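Visitor: Below: one structure in structure tokens.
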Amino acid sequence: MPVITTIEDLHRIYRRRVPKMFYDYCETGSWTEQTFRDNCSDFAKIRLRQRVAVDMEGRSTATRMIGQDVAMPVALAPVGMTGMQAADGEIKAARAAEKFGVPFTLSTMSICSIEDVAAHTEKPFWFQLYVMRDQDYLANLIQRAKAANCSALVLTLDLQILGQRHKDIKNGLSAPPKMTIPTMANLATKWGWGLEMLQTKRRFFGNIIGHAKGVTDASSLVDWTASNFDPRLDWSQVRKLKEDWGGKLILKGILDAEDARRALDVGADAIIVSNHGGRQLDGALSSIRALPSILRAVGDQIEVHVDGGIRSGQDVLKAVALGATGTYIGRAFVYGLGAMGEAGVTRALKVIHKELDTTMALCGRKSIDGLDRDILLVPKDFEGDWA
């Protein structure tokens with residue numbers, strides 16, 4: 001068993017083990033990937049204040065996100081095709097999150113269905129929704145999430161139009177992978193992944209096939225997906241979805257203060273400051289750089305969460321100290337999942353938790369509630385002086 005001390009350790013194993021198509025799906029941004037890179041590099045620009053001679057006995061990273069007790073202010077973000085990173089990947093990730101005490105968010109574009117994940121877990125999880133043109137399918141999807149006892153709906157707002165990711169196009173990304181000569185050559189070197197995949201029947205988008213009209217196999221799925229993301233999504237429809245859902249609603253993809261105020265108007269319970277991991281609008285600000293202006297716009301009237309570029313407990317601490325109520329990890333848990341399955345997700349969570357706890361102590365704080373901007377050294381031009 002390799003010694004794992006950082007998320008990057010898991011990343012290296014993940015890269016060796018998972019087919020190139022799915023590695024690139026995880027490790028890609030849109031267009032030039034500027035925003036994808038900035039999501040990580042902008043965290044490094046924030047420094048920490050070391051404080052000493054403070055009683056550090058009895059520390060705790062426990063807190064709450066949308067009223068739910070969590071072991072630390074971290075949730076597993078919705079990641080499409082997680083079940084292609086490892087066999088039954090969504091189930092494995094959900095189990096790891098449940099045991100650790102943090103929320104798991106299932107993507108609409110998951111391989112394992114809502115019902116699959118619910119059958120293999122004991123506690124409610126969150127469900128991420130993409131708005132589709134097919135209104136019958138959309139209504140049914142919401143009802144399925146209710147029936148599975150999902151405790152929050154995470155509505156993604158920034159994927160009405162799909163950003164271009166060059167690597168996915170060049171790789172011919174699909175689930176399951178199409179057997180082209182380059183793909184078969186690569187799969188021949190990933191025999192461990194392949195053996196696991198042969199042991200599961202979950203290789204298609206479980207929330208779509210058999211549920212959307214006319215979608216019965218992989219070929220019909222491609223056409224349906226390409227035409228069904230709804231570009232007409234607006235704030236009136238968001239308000240209606242809030243009413244239809246009737247439970248906790250988190251709006252994902254907020255990157256502008258004006259949009260954050262609109263989220264307040266429609267009655268959202270939380271927003272996620274997010275640029276879709278740098279996979280949509282290339283050239284947009286990093287999530288952490290956008291966070292302060294959004295916090296100023298909404299104050300404490302709504303929970304403000306953040307995702308994008310979080311690879312360590314120090315990143316979590318910086319986001320929370322800036323004012324975020326919670327954070328999300330996507331790539332960080334996928335690295336663990338692809339490297340070691342459920343145990344790898346658990347390992348990723350343990351790495352982040354230990355880094356968060358240790359860094360919090362060295363900054364002279366004993367609890368998440370005690371984290372504030374006073375422990376940070378933020379460059380004066382961090383938010384940018386934009387015309």
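Naming works like this for the structure tokens: A, B, ... for the chains as they're shown, residue 1 at the start of each chain, ligands 1 onward in shown order.
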Set out as a tab-separated table a contact list for stretch 290-348 of chain A and stretch 62-68 of chain A with a cut-off of 12 Å, giving each residue of stretch 290-348 of chain A that qualifies its closest atom pair and distance in Å to one decimal, counting only C-alpha atoms, ordered by chain and rising residue number.

Guide:
```
residue	atom	partner	partner_atom	distance
A:Ile302	CA	A:Ile66	CA	9.5
A:Glu303	CA	A:Ile66	CA	7.2
A:Val304	CA	A:Met65	CA	9.7
A:His305	CA	A:Met65	CA	8.8
A:Val306	CA	A:Met65	CA	11.9
A:Val320	CA	A:Thr63	CA	11.2
A:Ala324	CA	A:Met65	CA	10.4
A:Thr325	CA	A:Met65	CA	6.8
A:Gly326	CA	A:Met65	CA	6.3
A:Thr327	CA	A:Met65	CA	9.3
A:Tyr328	CA	A:Met65	CA	11.1
```

Visitor: Grab the residues selected above and save them as a tab-separated table (two decimals), in the first residue's frame with N, CA and C atoms.

Guide:
```tsv
chain	number	residue	atom	x	y	z
A	302	ILE	N	-27.88	34.50	3.08
A	302	ILE	CA	-27.92	33.18	2.44
A	302	ILE	C	-26.58	32.52	2.63
A	303	GLU	N	-26.58	31.20	2.72
A	303	GLU	CA	-25.30	30.49	2.82
A	303	GLU	C	-24.56	30.60	1.49
A	304	VAL	N	-23.27	30.91	1.58
A	304	VAL	CA	-22.43	31.00	0.39
A	304	VAL	C	-21.38	29.91	0.45
A	305	HIS	N	-21.45	28.98	-0.49
A	305	HIS	CA	-20.48	27.89	-0.60
A	305	HIS	C	-19.57	28.19	-1.79
A	306	VAL	N	-18.49	27.43	-1.93
A	306	VAL	CA	-17.57	27.67	-3.04
A	306	VAL	C	-16.96	26.36	-3.51
A	320	VAL	N	-13.17	29.28	3.88
A	320	VAL	CA	-14.04	29.52	5.03
A	320	VAL	C	-13.64	30.80	5.75
A	324	ALA	N	-16.90	31.85	3.33
A	324	ALA	CA	-17.75	30.77	2.83
A	324	ALA	C	-18.25	29.89	3.97
A	325	THR	N	-19.48	29.41	3.84
A	325	THR	CA	-20.03	28.49	4.84
A	325	THR	C	-19.59	27.05	4.58
A	326	GLY	N	-19.34	26.74	3.32
A	326	GLY	CA	-18.94	25.38	2.97
A	326	GLY	C	-18.17	25.38	1.67
A	327	THR	N	-17.53	24.25	1.38
A	327	THR	CA	-16.74	24.07	0.17
A	327	THR	C	-17.09	22.73	-0.45
A	328	TYR	N	-16.66	22.55	-1.71
A	328	TYR	CA	-16.91	21.29	-2.43
A	328	TYR	C	-15.61	20.82	-3.06
```

Visitor: Would you mind writing down, as a PyMOL selection string, each residue of stretch 263-365 of chain A that DSSP on the backbone assigns to helix (DSSP H, G or I)?

Guide: chain A and resi 263-265+276-278+287-298+313-322+331-340+342-362

Visitor: Can you tell me which residues surround stretch 184-189 of chain A at a distance of at most 12 Å, considering only C-alpha atoms, apart from same-chain residues fewer than 4 positions away, and format the answer as a ChimeraX atom specification?

Guide: /A:15-23,171,176-180,193-195,197

Visitor: Do you know which residues are at most 12 Å from A:Ser41 counting only C-alpha atoms, after dropping those on the same chain fewer than 6 positions away, and could you put them as an MDAnalysis selection string?

Guide: chainID A and resid 34:35 285:289 308:311 315 382

Visitor: Restrict the selected residues to N, CA, C and O atoms and save them as a PDB file, in the first residue's frame.

Guide:
```pdb
ATOM      1  N   GLN A  34      -7.511  28.652 -19.066  1.00  0.00           N
ATOM      2  CA  GLN A  34      -7.023  29.694 -18.171  1.00  0.00           C
ATOM      3  C   GLN A  34      -7.739  29.658 -16.822  1.00  0.00           C
ATOM      4  O   GLN A  34      -7.106  29.675 -15.763  1.00  0.00           O
ATOM      5  N   THR A  35      -9.068  29.607 -16.840  1.00  0.00           N
ATOM      6  CA  THR A  35      -9.834  29.606 -15.590  1.00  0.00           C
ATOM      7  C   THR A  35      -9.597  28.323 -14.810  1.00  0.00           C
ATOM      8  O   THR A  35      -9.507  28.347 -13.573  1.00  0.00           O
ATOM      9  N   LEU A 285     -13.346  34.699 -13.804  1.00  0.00           N
ATOM     10  CA  LEU A 285     -12.536  34.715 -12.590  1.00  0.00           C
ATOM     11  C   LEU A 285     -12.541  33.347 -11.923  1.00  0.00           C
ATOM     12  O   LEU A 285     -13.501  32.586 -12.035  1.00  0.00           O
ATOM     13  N   SER A 286     -11.463  33.071 -11.188  1.00  0.00           N
ATOM     14  CA  SER A 286     -11.458  31.884 -10.346  1.00  0.00           C
ATOM     15  C   SER A 286     -12.542  32.040  -9.283  1.00  0.00           C
ATOM     16  O   SER A 286     -12.928  33.154  -8.916  1.00  0.00           O
ATOM     17  N   SER A 287     -13.008  30.925  -8.759  1.00  0.00           N
ATOM     18  CA  SER A 287     -14.070  30.970  -7.756  1.00  0.00           C
ATOM     19  C   SER A 287     -13.620  31.703  -6.498  1.00  0.00           C
ATOM     20  O   SER A 287     -14.375  32.491  -5.925  1.00  0.00           O
ATOM     21  N   ILE A 288     -12.412  31.450  -6.052  1.00  0.00           N
ATOM     22  CA  ILE A 288     -11.956  32.060  -4.799  1.00  0.00           C
ATOM     23  C   ILE A 288     -11.762  33.567  -4.965  1.00  0.00           C
ATOM     24  O   ILE A 288     -11.987  34.333  -4.035  1.00  0.00           O
ATOM     25  N   ARG A 289     -11.391  34.014  -6.155  1.00  0.00           N
ATOM     26  CA  ARG A 289     -11.229  35.449  -6.388  1.00  0.00           C
ATOM     27  C   ARG A 289     -12.598  36.142  -6.475  1.00  0.00           C
ATOM     28  O   ARG A 289     -12.740  37.306  -6.103  1.00  0.00           O
ATOM     29  N   GLY A 308     -14.150  24.701  -6.846  1.00  0.00           N
ATOM     30  CA  GLY A 308     -13.184  25.035  -7.885  1.00  0.00           C
ATOM     31  C   GLY A 308     -11.791  25.224  -7.342  1.00  0.00           C
ATOM     32  O   GLY A 308     -11.504  26.201  -6.649  1.00  0.00           O
ATOM     33  N   GLY A 309     -10.897  24.278  -7.623  1.00  0.00           N
ATOM     34  CA  GLY A 309      -9.495  24.412  -7.267  1.00  0.00           C
ATOM     35  C   GLY A 309      -9.121  23.955  -5.883  1.00  0.00           C
ATOM     36  O   GLY A 309      -7.963  24.101  -5.479  1.00  0.00           O
ATOM     37  N   ILE A 310     -10.048  23.374  -5.135  1.00  0.00           N
ATOM     38  CA  ILE A 310      -9.746  22.964  -3.758  1.00  0.00           C
ATOM     39  C   ILE A 310      -9.057  21.604  -3.776  1.00  0.00           C
ATOM     40  O   ILE A 310      -9.640  20.602  -4.173  1.00  0.00           O
ATOM     41  N   ARG A 311      -7.806  21.608  -3.363  1.00  0.00           N
ATOM     42  CA  ARG A 311      -6.994  20.394  -3.383  1.00  0.00           C
ATOM     43  C   ARG A 311      -6.377  20.090  -2.008  1.00  0.00           C
ATOM     44  O   ARG A 311      -5.573  19.167  -1.895  1.00  0.00           O
ATOM     45  N   ASP A 315      -6.749  24.959   1.482  1.00  0.00           N
ATOM     46  CA  ASP A 315      -7.676  25.635   0.572  1.00  0.00           C
ATOM     47  C   ASP A 315      -9.051  25.777   1.228  1.00  0.00           C
ATOM     48  O   ASP A 315      -9.702  26.822   1.112  1.00  0.00           O
ATOM     49  N   PHE A 382      -5.969  41.341  -4.838  1.00  0.00           N
ATOM     50  CA  PHE A 382      -6.414  39.982  -5.064  1.00  0.00           C
ATOM     51  C   PHE A 382      -7.682  39.925  -5.930  1.00  0.00           C
ATOM     52  O   PHE A 382      -7.795  39.079  -6.820  1.00  0.00           O
TER      53      PHE A 382
END
```

Visitor: So that I can check the secondary structure, give me every residue of stretch 60-244 of chain A assigned strand (DSSP E or B) by backbone DSSP, as JSON, numbers by chain.

Guide: {"A": [60, 63, 64, 65, 68, 69, 70, 74, 75, 76, 104, 105, 106, 126, 127, 128, 129, 132, 152, 153, 154, 155, 156, 229]}

Visitor: Excluding A:Ala152 and residues on its chain fewer than 3 positions from it, collect all residues at most 8 Å away from it, counting only C-alpha atoms, and give them as a ChimeraX atom specification.

Guide: /A:125-127,247-250

Visitor: May I have the selected residues written with all heavy atoms, as a JSON list (two decimals), in the first residue's frame?

Guide:
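Listed below is the output, out.json:
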```json
[["chain", "number", "residue", "atom", "x", "y", "z"],
["A", 125, "PHE", "N", -28.72, 11.83, 0.56],
["A", 125, "PHE", "CA", -27.66, 12.53, -0.15],
["A", 125, "PHE", "C", -28.29, 13.67, -0.93],
["A", 125, "PHE", "O", -29.52, 13.83, -0.96],
["A", 125, "PHE", "CB", -26.88, 11.58, -1.08],
["A", 125, "PHE", "CG", -27.74, 10.80, -2.03],
["A", 125, "PHE", "CD1", -28.02, 11.27, -3.31],
["A", 125, "PHE", "CD2", -28.27, 9.56, -1.65],
["A", 125, "PHE", "CE1", -28.81, 10.54, -4.19],
["A", 125, "PHE", "CE2", -29.07, 8.82, -2.52],
["A", 125, "PHE", "CZ", -29.34, 9.32, -3.79],
["A", 126, "TRP", "N", -27.47, 14.51, -1.56],
["A", 126, "TRP", "CA", -27.97, 15.63, -2.36],
["A", 126, "TRP", "C", -28.01, 15.21, -3.83],
["A", 126, "TRP", "O", -27.23, 14.37, -4.26],
["A", 126, "TRP", "CB", -27.08, 16.85, -2.18],
["A", 126, "TRP", "CG", -27.00, 17.36, -0.77],
["A", 126, "TRP", "CD1", -27.76, 16.96, 0.29],
["A", 126, "TRP", "CD2", -26.11, 18.36, -0.25],
["A", 126, "TRP", "NE1", -27.41, 17.65, 1.43],
["A", 126, "TRP", "CE2", -26.40, 18.51, 1.13],
["A", 126, "TRP", "CE3", -25.11, 19.15, -0.83],
["A", 126, "TRP", "CZ2", -25.70, 19.42, 1.92],
["A", 126, "TRP", "CZ3", -24.42, 20.05, -0.03],
["A", 126, "TRP", "CH2", -24.72, 20.19, 1.33],
["A", 127, "PHE", "N", -28.91, 15.83, -4.57],
["A", 127, "PHE", "CA", -29.01, 15.53, -6.00],
["A", 127, "PHE", "C", -28.83, 16.80, -6.82],
["A", 127, "PHE", "O", -29.47, 17.82, -6.56],
["A", 127, "PHE", "CB", -30.35, 14.88, -6.35],
["A", 127, "PHE", "CG", -30.49, 14.54, -7.80],
["A", 127, "PHE", "CD1", -29.70, 13.54, -8.36],
["A", 127, "PHE", "CD2", -31.36, 15.23, -8.63],
["A", 127, "PHE", "CE1", -29.79, 13.23, -9.71],
["A", 127, "PHE", "CE2", -31.46, 14.94, -9.98],
["A", 127, "PHE", "CZ", -30.68, 13.93, -10.52],
["A", 247, "GLY", "N", -38.09, 21.57, -1.16],
["A", 247, "GLY", "CA", -37.11, 21.35, -0.09],
["A", 247, "GLY", "C", -35.95, 22.31, -0.22],
["A", 247, "GLY", "O", -36.05, 23.37, -0.84],
["A", 248, "LYS", "N", -34.83, 21.95, 0.37],
["A", 248, "LYS", "CA", -33.64, 22.79, 0.33],
["A", 248, "LYS", "C", -33.13, 22.90, -1.11],
["A", 248, "LYS", "O", -32.96, 21.90, -1.80],
["A", 248, "LYS", "CB", -32.54, 22.20, 1.20],
["A", 248, "LYS", "CG", -32.88, 22.13, 2.70],
["A", 248, "LYS", "CD", -32.76, 23.48, 3.35],
["A", 248, "LYS", "CE", -32.93, 23.36, 4.87],
["A", 248, "LYS", "NZ", -32.82, 24.66, 5.55],
["A", 249, "LEU", "N", -32.87, 24.15, -1.54],
["A", 249, "LEU", "CA", -32.39, 24.39, -2.89],
["A", 249, "LEU", "C", -31.07, 25.14, -2.85],
["A", 249, "LEU", "O", -30.95, 26.19, -2.23],
["A", 249, "LEU", "CB", -33.41, 25.21, -3.69],
["A", 249, "LEU", "CG", -32.97, 25.59, -5.11],
["A", 249, "LEU", "CD1", -32.93, 24.34, -6.00],
["A", 249, "LEU", "CD2", -33.91, 26.64, -5.71],
["A", 250, "ILE", "N", -30.06, 24.56, -3.52],
["A", 250, "ILE", "CA", -28.74, 25.18, -3.64],
["A", 250, "ILE", "C", -28.52, 25.52, -5.11],
["A", 250, "ILE", "O", -28.70, 24.65, -5.98],
["A", 250, "ILE", "CB", -27.63, 24.21, -3.15],
["A", 250, "ILE", "CG1", -27.89, 23.79, -1.70],
["A", 250, "ILE", "CG2", -26.25, 24.85, -3.28],
["A", 250, "ILE", "CD1", -26.97, 22.68, -1.21]]
```

Visitor: Taking into account only C-alpha atoms, which residue in the set A:Leu291, A:Ala94, A:Leu198, A:Leu251 is nearest to A:Asp116?

Guide: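 Selected residue with least distance to A:Asp116: A:Ala94.
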
Visitor: Tell me which of A:Ile209, A:Ala339, A:Leu255, A:Ala297 sits closest to A:Ala284, counting only C-alpha atoms.

Guide: A:Leu255

Visitor: Which neighbours of A:Glu383 fall inside 9 Å, counting only C-alpha atoms, when residues of the same chain fewer than 3 positions from it are skipped, and could you give them as a list in words?

Guide: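 Here the answer would be Arg289, Ala290, Leu291, Pro292, Ser293, Pro379, Lys380 and Trp386 of chain A.
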
Visitor: Residues of the last selection are to be written out with N, CA, C and O atoms, as a PDB file, in the first residue's frame.

Guide:
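Okay, again-v4.pdb is ready:
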```
ATOM      1  N   ARG A 289     -11.391  34.014  -6.155  1.00  0.00           N
ATOM      2  CA  ARG A 289     -11.229  35.449  -6.388  1.00  0.00           C
ATOM      3  C   ARG A 289     -12.598  36.142  -6.475  1.00  0.00           C
ATOM      4  O   ARG A 289     -12.740  37.306  -6.103  1.00  0.00           O
ATOM      5  N   ALA A 290     -13.613  35.419  -6.967  1.00  0.00           N
ATOM      6  CA  ALA A 290     -14.959  35.989  -7.071  1.00  0.00           C
ATOM      7  C   ALA A 290     -15.698  35.995  -5.738  1.00  0.00           C
ATOM      8  O   ALA A 290     -16.654  36.758  -5.559  1.00  0.00           O
ATOM      9  N   LEU A 291     -15.272  35.158  -4.813  1.00  0.00           N
ATOM     10  CA  LEU A 291     -15.999  34.967  -3.559  1.00  0.00           C
ATOM     11  C   LEU A 291     -16.216  36.255  -2.757  1.00  0.00           C
ATOM     12  O   LEU A 291     -17.341  36.518  -2.311  1.00  0.00           O
ATOM     13  N   PRO A 292     -15.200  37.094  -2.519  1.00  0.00           N
ATOM     14  CA  PRO A 292     -15.410  38.257  -1.651  1.00  0.00           C
ATOM     15  C   PRO A 292     -16.501  39.208  -2.126  1.00  0.00           C
ATOM     16  O   PRO A 292     -17.317  39.681  -1.312  1.00  0.00           O
ATOM     17  N   SER A 293     -16.572  39.498  -3.415  1.00  0.00           N
ATOM     18  CA  SER A 293     -17.586  40.440  -3.903  1.00  0.00           C
ATOM     19  C   SER A 293     -18.988  39.861  -3.756  1.00  0.00           C
ATOM     20  O   SER A 293     -19.958  40.597  -3.495  1.00  0.00           O
ATOM     21  N   PRO A 379      -3.471  39.440  -0.757  1.00  0.00           N
ATOM     22  CA  PRO A 379      -2.880  40.536  -1.540  1.00  0.00           C
ATOM     23  C   PRO A 379      -3.886  41.671  -1.760  1.00  0.00           C
ATOM     24  O   PRO A 379      -5.078  41.423  -1.970  1.00  0.00           O
ATOM     25  N   LYS A 380      -3.405  42.906  -1.713  1.00  0.00           N
ATOM     26  CA  LYS A 380      -4.307  44.049  -1.862  1.00  0.00           C
ATOM     27  C   LYS A 380      -5.006  44.070  -3.196  1.00  0.00           C
ATOM     28  O   LYS A 380      -6.115  44.586  -3.315  1.00  0.00           O
ATOM     29  N   TRP A 386     -10.530  45.954 -12.037  1.00  0.00           N
ATOM     30  CA  TRP A 386     -11.038  45.780 -13.389  1.00  0.00           C
ATOM     31  C   TRP A 386     -11.791  47.018 -13.861  1.00  0.00           C
ATOM     32  O   TRP A 386     -12.552  47.614 -13.111  1.00  0.00           O
TER      33      TRP A 386
END
```
